[in-house]
file input12.pdb (PDB, C-alpha atoms)
ATOM      1  CA  MET N 671      64.890  73.467  90.932
ATOM      2  CA  GLU N 672      65.291  76.853  89.224
ATOM      3  CA  LYS N 673      63.286  78.521  91.986
ATOM      4  CA  LEU N 674      65.544  76.958  94.636
ATOM      5  CA  LEU N 675      68.731  77.942  92.768
ATOM      6  CA  THR N 676      67.457  81.517  92.457
ATOM      7  CA  GLU N 677      66.695  81.572  96.172
ATOM      8  CA  ILE N 678      70.206  80.295  96.995
ATOM      9  CA  ARG N 679      71.845  82.835  94.689
ATOM     10  CA  LYS N 680      69.958  85.616  96.492
ATOM     11  CA  CYS N 681      70.842  84.271  99.961
ATOM     12  CA  LYS N 682      72.187  86.778 102.465
ATOM     13  CA  ILE N 683      72.060  84.535 105.561
ATOM     14  CA  CYS N 684      75.584  85.535 106.577
ATOM     15  CA  GLU N 685      75.780  89.106 105.263
ATOM     16  CA  ASP N 686      76.740  90.341 108.740
ATOM     17  CA  TYR N 687      80.026  88.419 108.400
ATOM     18  CA  ILE N 688      80.961  88.342 104.708
ATOM     19  CA  ASP N 689      80.122  89.806 101.302
ATOM     20  CA  PRO N 690      77.551  87.288 100.019
ATOM     21  CA  ARG N 691      77.784  86.074  96.434
ATOM     22  CA  PRO N 692      76.554  82.456  96.494
ATOM     23  CA  VAL N 693      78.016  80.161  93.841
ATOM     24  CA  VAL N 694      76.080  77.004  92.926
ATOM     25  CA  PHE N 695      75.566  75.008  89.709
ATOM     26  CA  ALA N 696      73.028  72.203  89.630
ATOM     27  CA  ASN N 697      70.270  70.597  87.619
ATOM     28  CA  GLU N 698      67.543  68.174  88.662
ATOM     29  CA  LYS N 699      69.144  65.708  86.217
ATOM     30  CA  SER N 700      72.749  66.067  87.484
ATOM     31  CA  LYS N 701      74.399  62.640  87.722
ATOM     32  CA  ILE N 702      77.429  63.522  89.861
ATOM     33  CA  LEU N 703      77.419  66.004  92.731
ATOM     34  CA  ILE N 704      80.640  67.741  93.697
ATOM     35  CA  VAL N 705      80.593  68.972  97.283
ATOM     36  CA  GLY N 706      83.582  71.214  97.831
ATOM     37  CA  GLN N 707      84.675  73.666 100.478
ATOM     38  CA  ALA N 708      83.855  77.292  99.509
ATOM     39  CA  PRO N 709      84.648  79.629  96.640
ATOM     40  CA  GLY N 710      88.044  81.307  96.662
ATOM     41  CA  THR N 711      88.621  84.922  95.642
ATOM     42  CA  LYS N 712      88.793  84.158  91.893
ATOM     43  CA  VAL N 713      85.543  82.159  91.964
ATOM     44  CA  HIS N 714      83.908  84.822  94.137
ATOM     45  CA  ALA N 715      84.785  87.381  91.455
ATOM     46  CA  SER N 716      83.760  85.270  88.431
ATOM     47  CA  GLY N 717      80.774  83.433  89.929
ATOM     48  CA  ILE N 718      81.965  80.278  88.131
ATOM     49  CA  PRO N 719      82.698  77.329  90.442
ATOM     50  CA  TRP N 720      86.161  75.796  90.322
ATOM     51  CA  ASP N 721      87.314  78.569  87.930
ATOM     52  CA  ASP N 722      90.861  78.518  89.282
ATOM     53  CA  ALA N 723      93.980  76.356  89.641
ATOM     54  CA  SER N 724      92.136  73.975  91.997
ATOM     55  CA  GLY N 725      89.430  73.520  89.375
ATOM     56  CA  ARG N 726      91.948  72.758  86.641
ATOM     57  CA  GLN N 727      93.510  70.103  88.874
ATOM     58  CA  LEU N 728      90.080  68.674  89.751
ATOM     59  CA  ARG N 729      89.177  68.381  86.056
ATOM     60  CA  LYS N 730      92.483  66.541  85.478
ATOM     61  CA  TRP N 731      91.670  64.150  88.313
ATOM     62  CA  LEU N 732      88.203  63.559  86.843
ATOM     63  CA  ASN N 733      89.616  63.343  83.299
ATOM     64  CA  VAL N 734      86.898  65.621  81.915
ATOM     65  CA  SER N 735      86.899  68.649  79.643
ATOM     66  CA  ASP N 736      85.675  72.069  80.739
ATOM     67  CA  GLU N 737      82.552  71.474  78.644
ATOM     68  CA  GLN N 738      81.805  68.172  80.402
ATOM     69  CA  PHE N 739      82.556  69.659  83.819
ATOM     70  CA  TYR N 740      80.289  72.682  83.417
ATOM     71  CA  ASP N 741      77.430  70.669  81.902
ATOM     72  CA  THR N 742      74.979  70.490  84.816
ATOM     73  CA  LEU N 743      73.493  67.297  83.349
ATOM     74  CA  ASN N 744      76.845  65.728  84.272
ATOM     75  CA  PHE N 745      77.908  67.625  87.388
ATOM     76  CA  GLY N 746      76.106  69.535  90.081
ATOM     77  CA  ILE N 747      78.480  71.740  92.072
ATOM     78  CA  VAL N 748      77.526  72.598  95.638
ATOM     79  CA  PRO N 749      80.040  73.946  98.157
ATOM     80  CA  MET N 750      79.790  73.596 101.921
ATOM     81  CA  GLY N 751      79.848  77.390 102.095
ATOM     82  CA  PHE N 752      78.344  79.066  99.036
ATOM     83  CA  CYS N 753      80.266  82.339  99.407
ATOM     84  CA  TYR N 754      83.908  83.306  99.809
ATOM     85  CA  PRO N 755      84.461  83.138 103.604
ATOM     86  CA  GLY N 756      87.293  85.662 103.773
ATOM     87  CA  LYS N 757      91.020  85.520 104.400
ATOM     88  CA  GLY N 758      92.513  83.900 107.485
ATOM     89  CA  ALA N 759      96.026  83.802 108.916
ATOM     90  CA  SER N 760      97.127  80.842 106.758
ATOM     91  CA  GLY N 761      94.737  80.917 103.805
ATOM     92  CA  ASP N 762      91.007  81.251 103.379
ATOM     93  CA  LEU N 763      88.735  80.942 106.390
ATOM     94  CA  PRO N 764      86.624  77.773 106.758
ATOM     95  CA  PRO N 765      83.281  77.710 104.943
ATOM     96  CA  ARG N 766      80.440  79.401 106.795
ATOM     97  CA  LYS N 767      78.452  76.890 108.845
ATOM     98  CA  GLU N 768      75.028  78.319 107.922
ATOM     99  CA  CYS N 769      74.983  77.189 104.289
ATOM    100  CA  ALA N 770      75.003  73.391 104.296
ATOM    101  CA  PRO N 771      72.179  72.930 106.868
ATOM    102  CA  GLN N 772      70.103  75.567 105.080
ATOM    103  CA  TRP N 773      70.521  74.469 101.459
ATOM    104  CA  HIS N 774      72.027  71.000 100.959
ATOM    105  CA  LEU N 775      69.013  68.843 101.789
ATOM    106  CA  PRO N 776      66.583  70.873  99.630
ATOM    107  CA  LEU N 777      69.068  70.597  96.744
ATOM    108  CA  LEU N 778      69.603  66.862  97.204
ATOM    109  CA  GLU N 779      65.848  66.285  97.287
ATOM    110  CA  LYS N 780      65.602  67.909  93.855
ATOM    111  CA  MET N 781      68.359  65.749  92.321
ATOM    112  CA  PRO N 782      66.972  62.190  92.196
ATOM    113  CA  ASP N 783      69.299  61.112  89.349
ATOM    114  CA  LEU N 784      72.537  61.476  91.332
ATOM    115  CA  GLU N 785      74.698  58.395  91.009
ATOM    116  CA  ILE N 786      77.564  59.512  93.229
ATOM    117  CA  ILE N 787      78.577  62.405  95.461
ATOM    118  CA  LEU N 788      82.218  63.540  95.428
ATOM    119  CA  LEU N 789      83.194  64.815  98.876
ATOM    120  CA  ILE N 790      86.183  67.096  98.453
ATOM    121  CA  GLY N 791      88.096  67.938 101.598
ATOM    122  CA  MET N 792      87.526  67.483 105.304
ATOM    123  CA  TYR N 793      84.601  69.885 105.675
ATOM    124  CA  ALA N 794      82.450  67.987 103.170
ATOM    125  CA  GLN N 795      83.610  64.603 104.435
ATOM    126  CA  ASN N 796      82.945  65.387 108.090
ATOM    127  CA  TYR N 797      79.514  66.834 107.291
ATOM    128  CA  TYR N 798      78.305  63.948 105.126
ATOM    129  CA  LEU N 799      80.153  60.993 106.648
ATOM    130  CA  ARG N 800      79.792  62.192 110.248
ATOM    131  CA  ASN N 801      81.159  59.473 112.553
ATOM    132  CA  LYS N 802      82.144  57.275 109.581
ATOM    133  CA  ALA N 803      84.923  59.679 108.593
ATOM    134  CA  LYS N 804      88.323  58.526 109.792
ATOM    135  CA  ARG N 805      90.506  60.476 112.198
ATOM    136  CA  THR N 806      92.337  62.311 109.387
ATOM    137  CA  LEU N 807      91.617  63.241 105.792
ATOM    138  CA  THR N 808      94.489  60.982 104.691
ATOM    139  CA  GLU N 809      92.916  57.980 106.433
ATOM    140  CA  THR N 810      89.485  58.787 105.024
ATOM    141  CA  VAL N 811      90.803  59.095 101.457
ATOM    142  CA  ASN N 812      92.947  55.969 101.870
ATOM    143  CA  HIS N 813      89.754  54.057 102.763
ATOM    144  CA  TYR N 814      87.691  55.593  99.938
ATOM    145  CA  LYS N 815      86.244  52.214  98.898
ATOM    146  CA  GLU N 816      84.367  52.000 102.222
ATOM    147  CA  TYR N 817      82.195  54.957 101.178
ATOM    148  CA  LEU N 818      81.313  53.701  97.717
ATOM    149  CA  PRO N 819      78.957  53.538  95.900
ATOM    150  CA  LYS N 820      77.277  56.632  97.393
ATOM    151  CA  TYR N 821      80.337  58.780  98.113
ATOM    152  CA  PHE N 822      83.795  59.177  96.612
ATOM    153  CA  VAL N 823      86.144  61.025  98.994
ATOM    154  CA  LEU N 824      88.994  63.218  97.773
ATOM    155  CA  PRO N 825      91.495  65.713  99.171
ATOM    156  CA  HIS N 826      91.195  69.302  98.002
ATOM    157  CA  PRO N 827      92.925  69.715  94.607
ATOM    158  CA  SER N 828      94.515  73.012  95.654
ATOM    159  CA  PRO N 829      98.092  73.689  94.530
ATOM    160  CA  ARG N 830      98.781  74.133  98.271
ATOM    161  CA  ASN N 831      98.291  70.363  98.629
ATOM    162  CA  ARG N 832     101.362  69.481  96.544
ATOM    163  CA  PHE N 833     103.144  68.375  99.717
ATOM    164  CA  TRP N 834     100.248  66.044 100.643
ATOM    165  CA  LEU N 835     100.255  64.555  97.138
ATOM    166  CA  SER N 836     104.026  63.971  97.228
ATOM    167  CA  LYS N 837     103.730  62.260 100.645
ATOM    168  CA  ASN N 838     100.841  60.058  99.472
ATOM    169  CA  PRO N 839     101.743  58.693  96.006
ATOM    170  CA  TRP N 840      99.131  55.935  96.415
ATOM    171  CA  PHE N 841      96.460  58.574  95.817
ATOM    172  CA  GLU N 842      97.390  59.299  92.200
ATOM    173  CA  LYS N 843      98.415  55.686  91.571
ATOM    174  CA  HIS N 844      95.258  53.966  92.873
ATOM    175  CA  VAL N 845      92.497  56.422  93.769
ATOM    176  CA  ILE N 846      92.572  58.651  90.675
ATOM    177  CA  PRO N 847      92.242  55.758  88.180
ATOM    178  CA  ASP N 848      89.219  54.441  90.125
ATOM    179  CA  LEU N 849      87.727  57.941  90.186
ATOM    180  CA  GLN N 850      88.237  58.405  86.433
ATOM    181  CA  LYS N 851      86.706  55.015  85.682
ATOM    182  CA  LYS N 852      83.645  55.793  87.806
ATOM    183  CA  VAL N 853      83.160  59.243  86.251
ATOM    184  CA  PHE N 854      83.554  57.838  82.730
ATOM    185  CA  GLU N 855      80.963  55.106  83.426
ATOM    186  CA  ILE N 856      78.456  57.677  84.688
ATOM    187  CA  ILE N 857      78.752  60.476  82.153
ATOM    188  CA  VAL N 858      79.256  58.350  79.036
ATOM    189  CA  LYS N 859      76.331  55.952  79.449
TER     190      LYS N 859
END

call {"tool": "encode", "arguments": {"input": "input12.pdb", "output": "structure tokens"}}
result
Amino acid sequence: MEKLLTEIRKCKICEDYIDPRPVVFANEKSKILIVGQAPGTKVHASGIPWDDASGRQLRKWLNVSDEQFYDTLNFGIVPMGFCYPGKGASGDLPPRKECAPQWHLPLLEKMPDLEIILLIGMYAQNYYLRNKAKRTLTETVNHYKEYLPKYFVLPHPSPRNRFWLSKNPWFEKHVIPDLQKKVFEIIVK
């Protein structure tokens, strides 16, 4: 696993398009895998995944401390695009498409103890669920139980999603408690 992580961290597959600085945290004994979108500017600078407002919100949703979150025996953290993709007209660009096909399967093969994979956002959900994803992220998240026990689907915890959260109060009322229960069962046992 360490050899693979070193190889990923040295990856320059898309250096013609962006400034590569791959961010990945994993361990062969990780129990929960978080598949997110791509690092933002703060994470690109720090090299620490979810080291921003989105990460603080995600840890609240999971009901875990920073120590629990960054313990790779608990959580592996693998984005769809390992590097910051750059700025677009209305936010960050989508994750680069080269990363997931190149690195996800080799990583998953080295993590036999995974009990669940958290798919955060449409990019991760569409990649992993393929034709089982619903028409919209809202529909997919609203039907999260259909993807259990292998996957738990979530919207992105970005502060930019406040409007989505206010329009979908069922998410924090029903989905978050189920997520917290599942995470507690896995990392406490």

call {"tool": "residues_around", "arguments": {"input": "input12.pdb", "residues": "segment 692-696 of chain N", "least_positions_apart": "4", "cutoff": "10 Å", "atoms": "all atoms listed in the file", "output": "ChimeraX atom specification"}}
result
/N:671-672,675-682,700-704,708-709,713-714,716-720,740-749,751-754,769,777-778,780-781

call {"tool": "closest_residue", "arguments": {"input": "input12.pdb", "among": "N:Leu789, N:Leu849, N:Leu763, N:Val823", "to": "Tyr687 of chain N", "atoms": "only C-alpha atoms"}}
result
N:Leu763

call {"tool": "resolve_selection", "arguments": {"input": "input12.pdb", "expression": "the PyMOL selection byres ((chain N and resi 854-857) around 8)", "output": "short mmCIF file (atom, residue, chain, number, x, y, z; two decimals) with C-alpha atoms, in the coordinates of the input"}}
result
data_model
loop_
_atom_site.label_atom_id
_atom_site.label_comp_id
_atom_site.auth_asym_id
_atom_site.auth_seq_id
_atom_site.Cartn_x
_atom_site.Cartn_y
_atom_site.Cartn_z
CA LYS N 701 74.40 62.64 87.72
CA ILE N 702 77.43 63.52 89.86
CA ASN N 744 76.84 65.73 84.27
CA GLU N 785 74.70 58.40 91.01
CA GLN N 850 88.24 58.40 86.43
CA LYS N 851 86.71 55.02 85.68
CA LYS N 852 83.64 55.79 87.81
CA VAL N 853 83.16 59.24 86.25
CA VAL N 858 79.26 58.35 79.04
CA LYS N 859 76.33 55.95 79.45
#

call {"tool": "closest_residue", "arguments": {"input": "input12.pdb", "among": "N:Ile688, N:Leu728, N:Leu818, N:Leu775", "to": "Ile846 of chain N", "atoms": "only C-alpha atoms"}}
result
N:Leu728

call {"tool": "closest_residue", "arguments": {"input": "input12.pdb", "among": "N:Arg691, N:Lys699, N:Lys843, N:Lys767", "to": "Met750 of chain N", "atoms": "all atoms listed in the file"}}
result
N:Lys767

call {"tool": "closest_residue", "arguments": {"input": "input12.pdb", "among": "N:Cys684, N:Pro755, N:Val845, N:Asp721", "to": "Phe739 of chain N", "atoms": "only C-alpha atoms"}}
result
N:Asp721

call {"tool": "closest_residue", "arguments": {"input": "input12.pdb", "among": "N:Lys820, N:Tyr793, N:Gly761, N:Thr711", "to": "Leu807 of chain N", "atoms": "only C-alpha atoms"}}
result
N:Tyr793

call {"tool": "residues_around", "arguments": {"input": "input12.pdb", "residues": "Pro825 of chain N", "least_positions_apart": "5", "cutoff": "9 Å", "atoms": "all atoms listed in the file", "output": "JSON, numbers by chain"}}
result
{"N": [789, 790, 791, 792, 807, 808, 811, 831, 834]}

call {"tool": "atom_distance", "arguments": {"input": "input12.pdb", "atom1": "atom CA of Ser828 of chain N", "atom2": "atom CA of Gln727 of chain N"}}
result
7.4 Å

call {"tool": "atom_distance", "arguments": {"input": "input12.pdb", "atom1": "atom CA of Tyr814 of chain N", "atom2": "atom CA of Gly706 of chain N"}}
result
16.3 Å

call {"tool": "atom_distance", "arguments": {"input": "input12.pdb", "atom1": "atom CA of Arg729 of chain N", "atom2": "atom CA of Phe841 of chain N"}}
result
15.6 Å

call {"tool": "closest_residue", "arguments": {"input": "input12.pdb", "among": "N:Trp773, N:Arg766, N:Leu799, N:Pro847", "to": "Glu685 of chain N", "atoms": "only C-alpha atoms"}}
result
N:Arg766

call {"tool": "axis_aligned_box", "arguments": {"input": "input12.pdb", "around": "segment 803-818 of chain N", "padding_each_side": "6 Å", "output": "JSON"}}
result
{"center_x": 87.9, "center_y": 57.6, "center_z": 105.0, "size_x": 25.2, "size_y": 23.2, "size_z": 26.5}

call {"tool": "residues_around", "arguments": {"input": "input12.pdb", "residues": "Arg726 of chain N", "least_positions_apart": "4", "cutoff": "10 Å", "atoms": "all atoms listed in the file", "output": "JSON, numbers by chain"}}
result
{"N": [720, 721, 722, 730, 731, 732, 734, 735, 736, 827, 828]}

call {"tool": "build_atoms", "arguments": {"input": "input12.pdb", "residues": "segment 679-690 of chain N", "atoms": "all heavy atoms", "output": "PDB file, in the frame of the given file"}}
result
ATOM      1  N   ARG N 679      70.992  81.775  95.242  1.00  0.00           N
ATOM      2  CA  ARG N 679      71.845  82.835  94.689  1.00  0.00           C
ATOM      3  C   ARG N 679      71.529  84.211  95.271  1.00  0.00           C
ATOM      4  O   ARG N 679      72.357  85.111  95.217  1.00  0.00           O
ATOM      5  CB  ARG N 679      71.745  82.830  93.168  1.00  0.00           C
ATOM      6  CG  ARG N 679      72.425  81.615  92.558  1.00  0.00           C
ATOM      7  CD  ARG N 679      72.355  81.583  91.046  1.00  0.00           C
ATOM      8  NE  ARG N 679      72.998  80.376  90.554  1.00  0.00           N
ATOM      9  CZ  ARG N 679      72.413  79.489  89.750  1.00  0.00           C
ATOM     10  NH1 ARG N 679      71.168  79.680  89.319  1.00  0.00           N
ATOM     11  NH2 ARG N 679      73.068  78.410  89.368  1.00  0.00           N
ATOM     12  N   LYS N 680      70.342  84.361  95.838  1.00  0.00           N
ATOM     13  CA  LYS N 680      69.958  85.616  96.492  1.00  0.00           C
ATOM     14  C   LYS N 680      70.195  85.584  98.004  1.00  0.00           C
ATOM     15  O   LYS N 680      69.938  86.566  98.693  1.00  0.00           O
ATOM     16  CB  LYS N 680      68.474  85.908  96.233  1.00  0.00           C
ATOM     17  CG  LYS N 680      68.172  86.278  94.799  1.00  0.00           C
ATOM     18  CD  LYS N 680      66.695  86.542  94.637  1.00  0.00           C
ATOM     19  CE  LYS N 680      66.358  86.924  93.209  1.00  0.00           C
ATOM     20  NZ  LYS N 680      64.917  87.157  93.027  1.00  0.00           N
ATOM     21  N   CYS N 681      70.676  84.465  98.517  1.00  0.00           N
ATOM     22  CA  CYS N 681      70.842  84.271  99.961  1.00  0.00           C
ATOM     23  C   CYS N 681      71.771  85.323 100.561  1.00  0.00           C
ATOM     24  O   CYS N 681      72.820  85.642 100.010  1.00  0.00           O
ATOM     25  CB  CYS N 681      71.389  82.868 100.226  1.00  0.00           C
ATOM     26  SG  CYS N 681      71.656  82.522 101.981  1.00  0.00           S
ATOM     27  N   LYS N 682      71.372  85.814 101.718  1.00  0.00           N
ATOM     28  CA  LYS N 682      72.187  86.778 102.465  1.00  0.00           C
ATOM     29  C   LYS N 682      72.245  86.372 103.942  1.00  0.00           C
ATOM     30  O   LYS N 682      72.386  87.200 104.820  1.00  0.00           O
ATOM     31  CB  LYS N 682      71.613  88.178 102.302  1.00  0.00           C
ATOM     32  CG  LYS N 682      71.585  88.636 100.844  1.00  0.00           C
ATOM     33  CD  LYS N 682      71.616  90.127 100.744  1.00  0.00           C
ATOM     34  CE  LYS N 682      71.549  90.604  99.325  1.00  0.00           C
ATOM     35  NZ  LYS N 682      72.668  90.248  98.499  1.00  0.00           N
ATOM     36  N   ILE N 683      72.132  85.061 104.196  1.00  0.00           N
ATOM     37  CA  ILE N 683      72.060  84.535 105.561  1.00  0.00           C
ATOM     38  C   ILE N 683      73.253  84.965 106.420  1.00  0.00           C
ATOM     39  O   ILE N 683      73.136  85.104 107.625  1.00  0.00           O
ATOM     40  CB  ILE N 683      71.886  83.001 105.527  1.00  0.00           C
ATOM     41  CG1 ILE N 683      71.432  82.466 106.868  1.00  0.00           C
ATOM     42  CG2 ILE N 683      73.149  82.312 105.080  1.00  0.00           C
ATOM     43  CD1 ILE N 683      71.006  81.000 106.827  1.00  0.00           C
ATOM     44  N   CYS N 684      74.384  85.190 105.794  1.00  0.00           N
ATOM     45  CA  CYS N 684      75.584  85.535 106.577  1.00  0.00           C
ATOM     46  C   CYS N 684      76.138  86.912 106.205  1.00  0.00           C
ATOM     47  O   CYS N 684      77.321  87.168 106.402  1.00  0.00           O
ATOM     48  CB  CYS N 684      76.642  84.454 106.396  1.00  0.00           C
ATOM     49  SG  CYS N 684      77.034  84.106 104.687  1.00  0.00           S
ATOM     50  N   GLU N 685      75.291  87.803 105.714  1.00  0.00           N
ATOM     51  CA  GLU N 685      75.780  89.106 105.263  1.00  0.00           C
ATOM     52  C   GLU N 685      76.378  89.958 106.388  1.00  0.00           C
ATOM     53  O   GLU N 685      77.102  90.914 106.113  1.00  0.00           O
ATOM     54  CB  GLU N 685      74.680  89.874 104.523  1.00  0.00           C
ATOM     55  CG  GLU N 685      73.556  90.367 105.388  1.00  0.00           C
ATOM     56  CD  GLU N 685      72.488  91.079 104.561  1.00  0.00           C
ATOM     57  OE1 GLU N 685      72.808  91.672 103.516  1.00  0.00           O
ATOM     58  OE2 GLU N 685      71.329  91.031 104.976  1.00  0.00           O
ATOM     59  N   ASP N 686      76.121  89.611 107.630  1.00  0.00           N
ATOM     60  CA  ASP N 686      76.740  90.341 108.740  1.00  0.00           C
ATOM     61  C   ASP N 686      78.222  89.996 108.887  1.00  0.00           C
ATOM     62  O   ASP N 686      78.953  90.686 109.589  1.00  0.00           O
ATOM     63  CB  ASP N 686      76.028  90.027 110.060  1.00  0.00           C
ATOM     64  CG  ASP N 686      74.624  90.611 110.122  1.00  0.00           C
ATOM     65  OD1 ASP N 686      74.313  91.517 109.307  1.00  0.00           O
ATOM     66  OD2 ASP N 686      73.834  90.156 110.969  1.00  0.00           O
ATOM     67  N   TYR N 687      78.657  88.911 108.229  1.00  0.00           N
ATOM     68  CA  TYR N 687      80.026  88.419 108.400  1.00  0.00           C
ATOM     69  C   TYR N 687      80.869  88.512 107.134  1.00  0.00           C
ATOM     70  O   TYR N 687      82.077  88.652 107.206  1.00  0.00           O
ATOM     71  CB  TYR N 687      80.010  86.967 108.867  1.00  0.00           C
ATOM     72  CG  TYR N 687      79.105  86.746 110.049  1.00  0.00           C
ATOM     73  CD1 TYR N 687      77.847  86.155 109.891  1.00  0.00           C
ATOM     74  CD2 TYR N 687      79.480  87.150 111.323  1.00  0.00           C
ATOM     75  CE1 TYR N 687      77.005  85.961 110.970  1.00  0.00           C
ATOM     76  CE2 TYR N 687      78.639  86.969 112.408  1.00  0.00           C
ATOM     77  CZ  TYR N 687      77.406  86.381 112.225  1.00  0.00           C
ATOM     78  OH  TYR N 687      76.573  86.203 113.290  1.00  0.00           O
ATOM     79  N   ILE N 688      80.224  88.364 105.973  1.00  0.00           N
ATOM     80  CA  ILE N 688      80.961  88.342 104.708  1.00  0.00           C
ATOM     81  C   ILE N 688      80.159  89.068 103.630  1.00  0.00           C
ATOM     82  O   ILE N 688      79.002  89.421 103.834  1.00  0.00           O
ATOM     83  CB  ILE N 688      81.252  86.895 104.242  1.00  0.00           C
ATOM     84  CG1 ILE N 688      79.946  86.134 103.980  1.00  0.00           C
ATOM     85  CG2 ILE N 688      82.121  86.153 105.237  1.00  0.00           C
ATOM     86  CD1 ILE N 688      80.143  84.790 103.315  1.00  0.00           C
ATOM     87  N   ASP N 689      80.791  89.232 102.473  1.00  0.00           N
ATOM     88  CA  ASP N 689      80.122  89.806 101.302  1.00  0.00           C
ATOM     89  C   ASP N 689      79.485  88.648 100.528  1.00  0.00           C
ATOM     90  O   ASP N 689      80.183  87.909  99.837  1.00  0.00           O
ATOM     91  CB  ASP N 689      81.160  90.527 100.436  1.00  0.00           C
ATOM     92  CG  ASP N 689      80.577  91.045  99.142  1.00  0.00           C
ATOM     93  OD1 ASP N 689      79.358  91.326  99.087  1.00  0.00           O
ATOM     94  OD2 ASP N 689      81.352  91.176  98.166  1.00  0.00           O
ATOM     95  N   PRO N 690      78.156  88.451 100.650  1.00  0.00           N
ATOM     96  CA  PRO N 690      77.551  87.288 100.019  1.00  0.00           C
ATOM     97  C   PRO N 690      77.514  87.366  98.489  1.00  0.00           C
ATOM     98  O   PRO N 690      77.171  88.396  97.921  1.00  0.00           O
ATOM     99  CB  PRO N 690      76.129  87.237 100.584  1.00  0.00           C
ATOM    100  CG  PRO N 690      75.893  88.526 101.254  1.00  0.00           C
ATOM    101  CD  PRO N 690      77.196  89.238 101.397  1.00  0.00           C
TER     102      PRO N 690
END
